[in-house]
$ cat run.cif   # mmCIF, C-alpha atoms and all ligand atoms
data_my_file
loop_
_atom_site.label_atom_id
_atom_site.label_comp_id
_atom_site.auth_asym_id
_atom_site.auth_seq_id
_atom_site.Cartn_x
_atom_site.Cartn_y
_atom_site.Cartn_z
CA MET A 854 34.38 102.08 189.40
CA HIS A 855 32.90 98.62 189.93
CA ALA A 856 34.46 95.73 188.04
CA ARG A 857 32.51 93.69 185.55
CA PRO A 858 33.69 90.28 184.24
CA VAL A 859 36.83 90.68 182.10
CA LEU A 860 36.24 87.57 179.99
CA LYS A 861 33.18 86.37 178.17
CA TRP A 862 32.80 82.74 179.25
CA ALA A 863 30.53 79.91 178.15
CA GLY A 864 28.03 79.43 180.95
CA GLY A 865 28.58 83.02 182.14
CA LYS A 866 26.12 83.78 184.91
CA GLY A 867 25.26 87.38 184.07
CA ARG A 868 21.62 86.57 183.30
CA LEU A 869 21.11 84.37 186.33
CA LEU A 870 22.57 86.94 188.76
CA PRO A 871 19.30 88.25 190.24
CA GLU A 872 18.22 84.68 191.04
CA LEU A 873 21.57 83.92 192.66
CA LEU A 874 21.79 87.18 194.61
CA GLY A 875 18.28 86.70 195.97
CA ARG A 876 19.28 83.36 197.50
CA LEU A 877 22.60 84.22 199.14
CA PRO A 878 22.94 83.73 202.89
CA SER A 879 22.62 87.10 204.65
CA ALA A 880 26.12 86.84 206.11
CA PHE A 881 29.06 84.50 205.64
CA GLY A 882 32.77 84.14 206.38
CA ALA A 883 35.02 83.51 203.40
CA TYR A 884 33.65 83.22 199.85
CA HIS A 885 34.74 80.26 197.68
CA GLU A 886 34.12 79.84 193.96
CA PRO A 887 35.73 76.62 192.62
CA PHE A 888 34.44 76.87 188.99
CA VAL A 889 35.12 80.54 188.48
CA GLY A 890 34.99 80.95 184.66
CA GLY A 891 34.14 84.60 183.96
CA GLY A 892 33.36 85.12 187.66
CA ALA A 893 30.07 87.03 187.24
CA LEU A 894 28.93 86.44 190.84
CA PHE A 895 32.39 87.12 192.30
CA PHE A 896 32.69 90.52 190.56
CA LYS A 897 29.14 91.45 191.55
CA LEU A 898 29.76 90.66 195.22
CA ALA A 899 33.13 92.41 195.13
CA SER A 900 31.41 95.53 193.75
CA GLN A 901 28.89 95.39 196.61
CA GLU A 902 31.80 95.11 199.06
CA ARG A 903 30.35 91.87 200.44
CA LEU A 904 33.60 89.91 200.28
CA ASP A 905 36.29 89.77 202.95
CA ASP A 906 38.32 86.67 202.28
CA ALA A 907 37.82 85.05 198.91
CA PHE A 908 39.19 81.85 197.39
CA PHE A 909 38.70 81.26 193.77
CA SER A 910 39.85 78.58 191.40
CA ASP A 911 39.20 76.75 188.16
CA ILE A 912 40.76 73.76 186.38
CA ASN A 913 41.68 75.91 183.33
CA PRO A 914 45.28 77.18 183.79
CA ALA A 915 45.08 79.87 181.07
CA LEU A 916 42.00 81.36 182.74
CA ILE A 917 43.52 81.42 186.22
CA GLU A 918 46.67 83.06 184.85
CA VAL A 919 44.61 85.94 183.51
CA TYR A 920 43.32 86.68 187.03
CA ILE A 921 46.78 86.24 188.61
CA ALA A 922 48.26 88.68 186.08
CA LEU A 923 45.47 91.20 186.67
CA ARG A 924 46.00 90.93 190.41
CA ASP A 925 49.81 91.13 190.33
CA CYS A 926 50.84 93.11 187.20
CA VAL A 927 47.81 94.91 185.75
CA GLN A 928 49.91 97.77 184.33
CA ASP A 929 51.95 95.33 182.22
CA VAL A 930 48.76 93.65 180.96
CA ILE A 931 47.28 97.04 180.00
CA ASP A 932 50.49 98.13 178.22
CA ILE A 933 50.66 94.92 176.16
CA LEU A 934 46.92 94.77 175.44
CA GLY A 935 47.07 98.40 174.25
CA GLN A 936 49.34 97.26 171.41
CA HIS A 937 46.96 94.55 170.18
CA TYR A 938 44.52 95.48 167.37
CA TYR A 939 41.54 94.00 165.59
CA ASP A 940 42.65 92.41 162.31
CA GLU A 941 42.18 88.89 160.99
CA ASP A 942 45.83 88.13 160.05
CA TYR A 943 47.04 89.64 163.30
CA TYR A 944 44.52 87.52 165.24
CA TYR A 945 45.92 84.30 163.74
CA GLU A 946 49.50 85.46 164.47
CA ILE A 947 48.68 85.99 168.13
CA ARG A 948 46.71 82.76 168.29
CA ALA A 949 49.73 80.84 166.90
CA LEU A 950 52.14 82.11 169.60
CA ASP A 951 53.47 79.47 171.95
CA PRO A 952 52.40 80.58 175.45
CA ALA A 953 55.56 78.93 176.87
CA THR A 954 57.65 81.64 175.18
CA LEU A 955 55.65 84.52 176.70
CA SER A 956 55.72 86.29 180.08
CA LEU A 957 52.77 86.02 182.47
CA ALA A 958 51.47 89.47 181.41
CA GLU A 959 51.88 88.60 177.71
CA ARG A 960 50.01 85.32 178.16
CA ALA A 961 47.17 87.08 180.00
CA ALA A 962 46.95 89.84 177.36
CA ARG A 963 46.89 87.18 174.62
CA ILE A 964 43.95 85.35 176.23
CA ILE A 965 42.01 88.60 176.80
CA PHE A 966 42.70 89.68 173.19
CA LEU A 967 41.61 86.31 171.75
CA ASN A 968 38.52 86.33 173.98
CA LYS A 969 37.47 89.77 172.72
CA THR A 970 38.06 89.02 169.03
CA CYS A 971 37.38 85.30 168.54
CA TYR A 972 34.18 83.77 167.24
CA ASN A 973 31.46 83.95 169.90
CA GLY A 974 33.93 84.69 172.71
CA LEU A 975 34.45 81.01 173.35
CA TYR A 976 37.41 79.25 174.88
CA ARG A 977 38.16 75.98 173.17
CA GLU A 978 41.36 73.95 172.78
CA ASN A 979 42.30 71.13 170.42
CA SER A 980 43.65 67.80 171.69
CA SER A 981 47.16 69.23 172.01
CA GLY A 982 45.95 72.06 174.21
CA GLN A 983 46.11 74.84 171.59
CA PHE A 984 43.42 77.50 171.50
CA ASN A 985 41.62 76.84 168.20
CA VAL A 986 38.61 79.18 167.96
CA PRO A 987 38.44 81.06 164.60
CA PHE A 988 38.43 84.84 164.16
CA GLY A 989 35.15 86.57 165.05
CA ARG A 990 33.32 89.37 163.24
CA TYR A 991 32.67 92.40 165.43
CA LYS A 992 32.02 96.08 164.68
CA ASN A 993 34.58 97.63 166.97
CA PRO A 994 35.58 95.27 169.77
CA LYS A 995 36.97 96.93 172.88
CA ILE A 996 40.23 95.06 173.31
CA CYS A 997 41.70 97.08 176.17
CA ASP A 998 39.05 98.31 178.61
CA GLU A 999 41.55 99.96 180.92
CA PRO A 1000 39.16 101.22 183.65
CA ASN A 1001 37.55 97.79 183.99
CA LEU A 1002 40.91 95.99 184.03
CA ARG A 1003 42.03 98.27 186.87
CA ALA A 1004 38.76 97.76 188.74
CA ALA A 1005 39.09 93.98 188.32
CA SER A 1006 42.65 94.20 189.59
CA SER A 1007 41.58 95.95 192.76
CA ALA A 1008 38.72 93.45 193.32
CA LEU A 1009 41.30 90.65 193.03
CA GLN A 1010 43.88 92.13 195.39
CA ARG A 1011 43.39 89.89 198.40
CA VAL A 1012 41.96 86.89 196.59
CA ASP A 1013 43.52 83.45 196.86
CA LEU A 1014 43.71 82.36 193.22
CA GLU A 1015 44.87 79.00 192.02
CA ARG A 1016 44.34 76.37 189.39
CA ARG A 1017 42.78 73.47 191.28
CA HIS A 1018 40.19 70.72 191.05
CA PHE A 1019 36.84 71.62 192.65
CA SER A 1020 37.21 68.98 195.40
CA THR A 1021 40.07 70.97 197.00
CA VAL A 1022 37.43 73.37 198.33
CA LEU A 1023 37.22 70.84 201.17
CA ASP A 1024 40.75 71.88 202.20
CA SER A 1025 39.92 75.56 202.56
CA ALA A 1026 36.23 75.95 203.50
CA GLN A 1027 35.54 76.54 207.19
CA PRO A 1028 32.21 76.45 209.10
CA GLY A 1029 30.29 79.66 208.38
CA ASP A 1030 31.89 80.12 204.93
CA PHE A 1031 29.92 80.20 201.69
CA VAL A 1032 30.65 78.25 198.48
CA TYR A 1033 29.11 78.90 195.07
CA PHE A 1034 29.48 76.04 192.57
CA ASP A 1035 28.87 76.64 188.87
CA PRO A 1036 30.04 73.41 187.23
CA PRO A 1037 29.73 72.52 183.54
CA TYR A 1038 26.05 71.71 183.18
CA GLN A 1039 24.79 68.16 182.96
CA PRO A 1040 23.50 67.75 179.36
CA LEU A 1041 19.71 67.72 179.19
CA SER A 1042 19.69 64.78 176.83
CA SER A 1043 21.66 62.54 179.11
CA THR A 1044 23.22 59.31 177.92
CA SER A 1045 22.81 56.14 179.88
CA ASN A 1046 26.59 55.81 180.03
CA PHE A 1047 27.65 56.75 183.54
CA THR A 1048 31.22 57.70 182.62
CA ALA A 1049 30.39 59.55 179.39
CA TYR A 1050 32.01 62.97 179.26
CA SER A 1051 30.02 65.99 178.23
CA LYS A 1052 31.65 68.29 175.73
CA ASP A 1053 33.27 70.15 178.64
CA GLY A 1054 34.99 66.98 179.84
CA PHE A 1055 32.76 66.73 182.90
CA SER A 1056 31.20 63.28 183.33
CA GLU A 1057 28.16 62.08 185.27
CA GLN A 1058 30.67 60.63 187.69
CA ASP A 1059 32.07 64.14 188.22
CA GLN A 1060 28.51 65.36 188.95
CA VAL A 1061 28.20 62.65 191.60
CA LYS A 1062 31.61 63.55 193.08
CA LEU A 1063 30.51 67.15 193.22
CA ARG A 1064 27.32 66.21 195.08
CA ASP A 1065 29.50 64.30 197.58
CA VAL A 1066 31.59 67.44 198.15
CA PHE A 1067 28.36 69.45 198.57
CA ALA A 1068 27.11 66.93 201.17
CA GLU A 1069 30.42 66.98 203.06
CA LEU A 1070 30.36 70.79 203.21
CA THR A 1071 26.81 70.62 204.57
CA ARG A 1072 27.92 68.27 207.35
CA ARG A 1073 30.72 70.71 208.20
CA GLY A 1074 28.42 73.70 208.53
CA VAL A 1075 29.45 75.41 205.27
CA ARG A 1076 26.62 77.04 203.29
CA ALA A 1077 26.66 76.15 199.60
CA MET A 1078 24.73 77.12 196.49
CA LEU A 1079 25.00 75.39 193.11
CA SER A 1080 23.65 76.09 189.63
CA ASN A 1081 23.10 73.36 187.05
CA SER A 1082 20.81 72.32 184.24
CA SER A 1083 17.35 70.91 184.88
CA ALA A 1084 18.46 67.38 183.88
CA PRO A 1085 16.72 64.62 185.87
CA LEU A 1086 20.08 63.54 187.37
CA ILE A 1087 20.45 66.91 189.11
CA TYR A 1088 17.03 66.73 190.81
CA GLU A 1089 17.88 63.19 191.86
CA LEU A 1090 21.34 63.99 193.27
CA TYR A 1091 20.21 67.02 195.25
CA SER A 1092 16.82 65.79 196.45
CA PRO A 1093 17.64 66.27 200.19
CA TYR A 1094 18.31 69.99 199.62
CA ALA A 1095 16.34 73.03 198.45
CA VAL A 1096 16.15 72.72 194.64
CA HIS A 1097 14.73 75.84 192.94
CA THR A 1098 13.77 75.71 189.25
CA VAL A 1099 14.41 79.10 187.60
CA TYR A 1100 14.17 80.49 184.07
CA ALA A 1101 16.85 82.68 182.52
CA ALA A 1102 17.73 83.61 178.96
CA ARG A 1103 20.85 81.96 177.57
CA ALA A 1104 23.89 84.16 176.87
CA ILE A 1105 26.03 82.08 174.52
CA ASN A 1106 24.32 79.69 172.19
CA SER A 1107 24.90 79.38 168.50
CA ARG A 1108 21.68 77.48 167.85
CA ALA A 1109 18.97 80.09 167.43
CA ALA A 1110 16.29 77.60 168.44
CA ALA A 1111 17.82 77.21 171.87
CA ARG A 1112 18.02 80.95 172.58
CA GLY A 1113 14.74 81.19 174.45
CA LYS A 1114 14.31 80.85 178.20
CA ILE A 1115 15.08 77.45 179.55
CA ALA A 1116 14.79 75.91 182.99
CA GLU A 1117 17.88 75.77 185.19
CA VAL A 1118 18.19 74.83 188.81
CA ILE A 1119 19.71 76.55 191.82
CA VAL A 1120 20.36 74.25 194.76
CA CYS A 1121 20.95 75.56 198.29
CA ASN A 1122 21.89 73.52 201.35
CA TYR A 1123 20.03 76.02 203.55
CA ASP A 1124 16.43 77.22 203.77
CA GLU A 1125 15.14 80.80 203.39
CA ASN A 1126 16.10 81.55 207.02
CA GLY A 1127 19.66 80.40 206.35
CA THR A 1128 19.24 77.21 208.40
CA LEU A 1129 21.36 74.37 207.08
CA LEU A 1130 19.48 71.36 205.70
CA SER A 1131 20.82 67.91 206.34
CA ASP A 1132 20.77 64.88 204.09
C1 LIG B 1 29.90 77.02 183.76
S1 LIG B 1 31.58 77.51 183.79
C2 LIG B 1 31.56 78.73 185.07
C3 LIG B 1 30.93 80.03 184.61
C4 LIG B 1 31.09 81.20 185.59
N1 LIG B 1 30.35 81.02 186.80
C5 LIG B 1 30.74 82.54 184.97
O1 LIG B 1 29.88 83.29 185.48
O2 LIG B 1 31.36 82.88 183.92
C6 LIG B 1 32.39 76.12 184.43
C7 LIG B 1 33.89 76.23 184.72
O3 LIG B 1 34.30 75.01 185.37
C8 LIG B 1 35.65 74.73 185.04
N2 LIG B 1 35.90 73.32 185.34
C9 LIG B 1 35.60 72.21 184.61
N3 LIG B 1 35.95 71.08 185.28
C10 LIG B 1 36.48 71.48 186.47
C11 LIG B 1 37.01 70.78 187.60
N4 LIG B 1 37.07 69.45 187.64
N5 LIG B 1 37.43 71.50 188.68
C12 LIG B 1 37.38 72.86 188.65
N6 LIG B 1 36.89 73.59 187.59
C13 LIG B 1 36.45 72.90 186.52
C14 LIG B 1 35.75 75.14 183.58
O4 LIG B 1 37.10 75.45 183.25
C15 LIG B 1 34.80 76.38 183.52
O5 LIG B 1 35.54 77.58 183.65
#

$ encode --input "run.cif" --output "structure tokens" --more "lines below"
Ligand SMILES: C[S@@+](CC[C@H](N)C(=O)[O-])C[C@H]1O[C@@H](n2cnc3c(N)ncnc32)[C@H](O)[C@@H]1O
Amino acid sequence: MHARPVLKWAGGKGRLLPELLGRLPSAFGAYHEPFVGGGALFFKLASQERLDDAFFSDINPALIEVYIALRDCVQDVIDILGQHYYDEDYYYEIRALDPATLSLAERAARIIFLNKTCYNGLYRENSSGQFNVPFGRYKNPKICDEPNLRAASSALQRVDLERRHFSTVLDSAQPGDFVYFDPPYQPLSSTSNFTAYSKDGFSEQDQVKLRDVFAELTRRGVRAMLSNSSAPLIYELYSPYAVHTVYAARAINSRAAARGKIAEVIVCNYDENGTLLSD
């Protein structure tokens, strides 16, 4: 069985997959995904057996722990998750647990459980780092999808998984490798304040730093693809590269008005023949 993403994640790339798959280089060495989130592209490529070596990371420690637990102790995660059930009081009990008192498998099962039963499947923490999304209303949420957890575990077997900042991709990417960047999107209604943080804690300065990493990879002969919003800053930052404007329906958005198709961009540092572009 082929694995599908285990977690629902804001900015999940399920709907953009055909656009991303159609623009991948035909062959590459190791695969790197430094903003992995739900890992839609990773799981797709793993299911197509297109990955040899893979490095994947994210700044969110709770998220990375879920993947480490699935890779290293999937049976324990399944056993614990099998005991969780859909009930509002129970949800708040599990949400209130202090992760520091739990084992790795218990922490992973807790995050998967909260993700399946919380409002909108969002991950959000308060200022003291506690998960604070309220209970969600579902018909019959599948809390323990055992076949998919096992399939995800086998896709993750040889993957280098770590909590790291995106810039550390420069330490691992080699010429001929491929990097897919899916950062928090630059807000469309941008402020004029250069250091302003978006709601995801990713500032315009971070977007510029990311472009610098993208440029350095290009110089080193590493192919890279990036998705982002269609904010003017993104067109400006990536103007030396191939910037494709695409339209995909949004997965998670609580504002009904914003549910239609909106423009996003996919940037590649190579042309349709796979030839690297320089800045
Ligand atoms: C748009 S989401 C990725 C969605 C993912 N591609 C999917 O299909 O579900 C962006 C991710 O970037 C992570 N992130 C934010 N700032 C980061 C940083 N400085 N370095 C690495 N990851 C970061 C967030 O934790 C989040 O998981």

$ closest_atom_pairs --input "run.cif" --of "chain A" --to "ligand LIG 1 (chain B)" --cutoff "7 Å" --atoms "all atoms listed in the file" --output "CSV"
residue,atom,partner,partner_atom,distance
A:Lys861,CA,B:LIG1,O2,7.0
A:Trp862,CA,B:LIG1,O2,4.9
A:Ala863,CA,B:LIG1,S1,6.2
A:Gly864,CA,B:LIG1,C1,4.1
A:Gly865,CA,B:LIG1,O2,3.3
A:Lys866,CA,B:LIG1,O1,3.8
A:Gly867,CA,B:LIG1,O1,6.3
A:Pro887,CA,B:LIG1,C12,5.7
A:Phe888,CA,B:LIG1,O3,4.1
A:Val889,CA,B:LIG1,C4,5.0
A:Gly890,CA,B:LIG1,O5,3.6
A:Gly891,CA,B:LIG1,O2,3.3
A:Gly892,CA,B:LIG1,O1,4.5
A:Ala893,CA,B:LIG1,O1,4.1
A:Leu894,CA,B:LIG1,O1,6.3
A:Ser910,CA,B:LIG1,C12,6.8
A:Asp911,CA,B:LIG1,N6,4.0
A:Ile912,CA,B:LIG1,N6,4.1
A:Asn913,CA,B:LIG1,O4,4.6
A:Arg1017,CA,B:LIG1,C12,6.0
A:His1018,CA,B:LIG1,N5,3.7
A:Phe1019,CA,B:LIG1,N5,4.0
A:Asp1035,CA,B:LIG1,N1,5.1
A:Pro1036,CA,B:LIG1,C6,4.6
A:Pro1037,CA,B:LIG1,C1,4.5
A:Tyr1038,CA,B:LIG1,C1,6.6
A:Asp1053,CA,B:LIG1,C9,6.7
A:Gly1054,CA,B:LIG1,N3,6.9
A:Phe1055,CA,B:LIG1,N3,5.9

$ write_last_selection --input "run.cif" --atoms "C-alpha atoms" --output "compact mmCIF listing (two decimals), keeping the file's coordinate frame"
# COMPACT_ATOMS: atom_id res chain seq x y z
CA LYS A 861 33.18 86.37 178.17
CA TRP A 862 32.80 82.74 179.25
CA ALA A 863 30.53 79.91 178.15
CA GLY A 864 28.03 79.43 180.95
CA GLY A 865 28.58 83.02 182.14
CA LYS A 866 26.12 83.78 184.91
CA GLY A 867 25.26 87.38 184.07
CA PRO A 887 35.73 76.62 192.62
CA PHE A 888 34.44 76.87 188.99
CA VAL A 889 35.12 80.54 188.48
CA GLY A 890 34.99 80.95 184.66
CA GLY A 891 34.14 84.60 183.96
CA GLY A 892 33.36 85.12 187.66
CA ALA A 893 30.07 87.03 187.24
CA LEU A 894 28.93 86.44 190.84
CA SER A 910 39.85 78.58 191.40
CA ASP A 911 39.20 76.75 188.16
CA ILE A 912 40.76 73.76 186.38
CA ASN A 913 41.68 75.91 183.33
CA ARG A 1017 42.78 73.47 191.28
CA HIS A 1018 40.19 70.72 191.05
CA PHE A 1019 36.84 71.62 192.65
CA ASP A 1035 28.87 76.64 188.87
CA PRO A 1036 30.04 73.41 187.23
CA PRO A 1037 29.73 72.52 183.54
CA TYR A 1038 26.05 71.71 183.18
CA ASP A 1053 33.27 70.15 178.64
CA GLY A 1054 34.99 66.98 179.84
CA PHE A 1055 32.76 66.73 182.90

$ atom_distance --input "run.cif" --atom1 "CA of Tyr945 (chain A)" --atom2 "CA of Arg1016 (chain A)"
26.9 Å

$ residues_around --input "run.cif" --residues "Tyr976 (chain A)" --least-positions-apart "3" --cutoff "12 Å" --atoms "all atoms listed in the file" --output "PyMOL selection string"
chain A and resi 860-864+890-891+913+915-916+948+964-973+979+982-987+1053+1105

$ residues_near_point --input "run.cif" --point "(49.2, 87.7, 165.2)" --cutoff "12 Å" --atoms "all atoms listed in the file" --output "list in words"
Gln936, His937, Tyr938, Tyr939, Asp940, Glu941, Asp942, Tyr943, Tyr944, Tyr945, Glu946, Ile947, Arg948, Ala949, Leu950, Asp951, Arg963, Phe966, Leu967, Thr970 and Phe988 of chain A

$ residues_around --input "run.cif" --residues "region 1117-1131 of chain A" --least-positions-apart "3" --cutoff "8 Å" --atoms "all atoms listed in the file" --output "ChimeraX atom specification"
/A:873,876,878-879,1071-1072,1074,1076-1083,1091,1093-1101

$ residues_near_point --input "run.cif" --point "(28.1, 88.7, 200.1)" --cutoff "12 Å" --atoms "only C-alpha atoms" --output "NGL selection string"
:A and (873-885 or 894-907 or 1030-1033)

$ write_last_selection --input "run.cif" --atoms "C-alpha atoms" --output "tab-separated table (two decimals), keeping the file's coordinate frame"
chain	number	residue	atom	x	y	z
A	873	LEU	CA	21.57	83.92	192.66
A	874	LEU	CA	21.79	87.18	194.61
A	875	GLY	CA	18.28	86.70	195.97
A	876	ARG	CA	19.28	83.36	197.50
A	877	LEU	CA	22.60	84.22	199.14
A	878	PRO	CA	22.94	83.73	202.89
A	879	SER	CA	22.62	87.10	204.65
A	880	ALA	CA	26.12	86.84	206.11
A	881	PHE	CA	29.06	84.50	205.64
A	882	GLY	CA	32.77	84.14	206.38
A	883	ALA	CA	35.02	83.51	203.40
A	884	TYR	CA	33.65	83.22	199.85
A	885	HIS	CA	34.74	80.26	197.68
A	894	LEU	CA	28.93	86.44	190.84
A	895	PHE	CA	32.39	87.12	192.30
A	896	PHE	CA	32.69	90.52	190.56
A	897	LYS	CA	29.14	91.45	191.55
A	898	LEU	CA	29.76	90.66	195.22
A	899	ALA	CA	33.13	92.41	195.13
A	900	SER	CA	31.41	95.53	193.75
A	901	GLN	CA	28.89	95.39	196.61
A	902	GLU	CA	31.80	95.11	199.06
A	903	ARG	CA	30.35	91.87	200.44
A	904	LEU	CA	33.60	89.91	200.28
A	905	ASP	CA	36.29	89.77	202.95
A	906	ASP	CA	38.32	86.67	202.28
A	907	ALA	CA	37.82	85.05	198.91
A	1030	ASP	CA	31.89	80.12	204.93
A	1031	PHE	CA	29.92	80.20	201.69
A	1032	VAL	CA	30.65	78.25	198.48
A	1033	TYR	CA	29.11	78.90	195.07
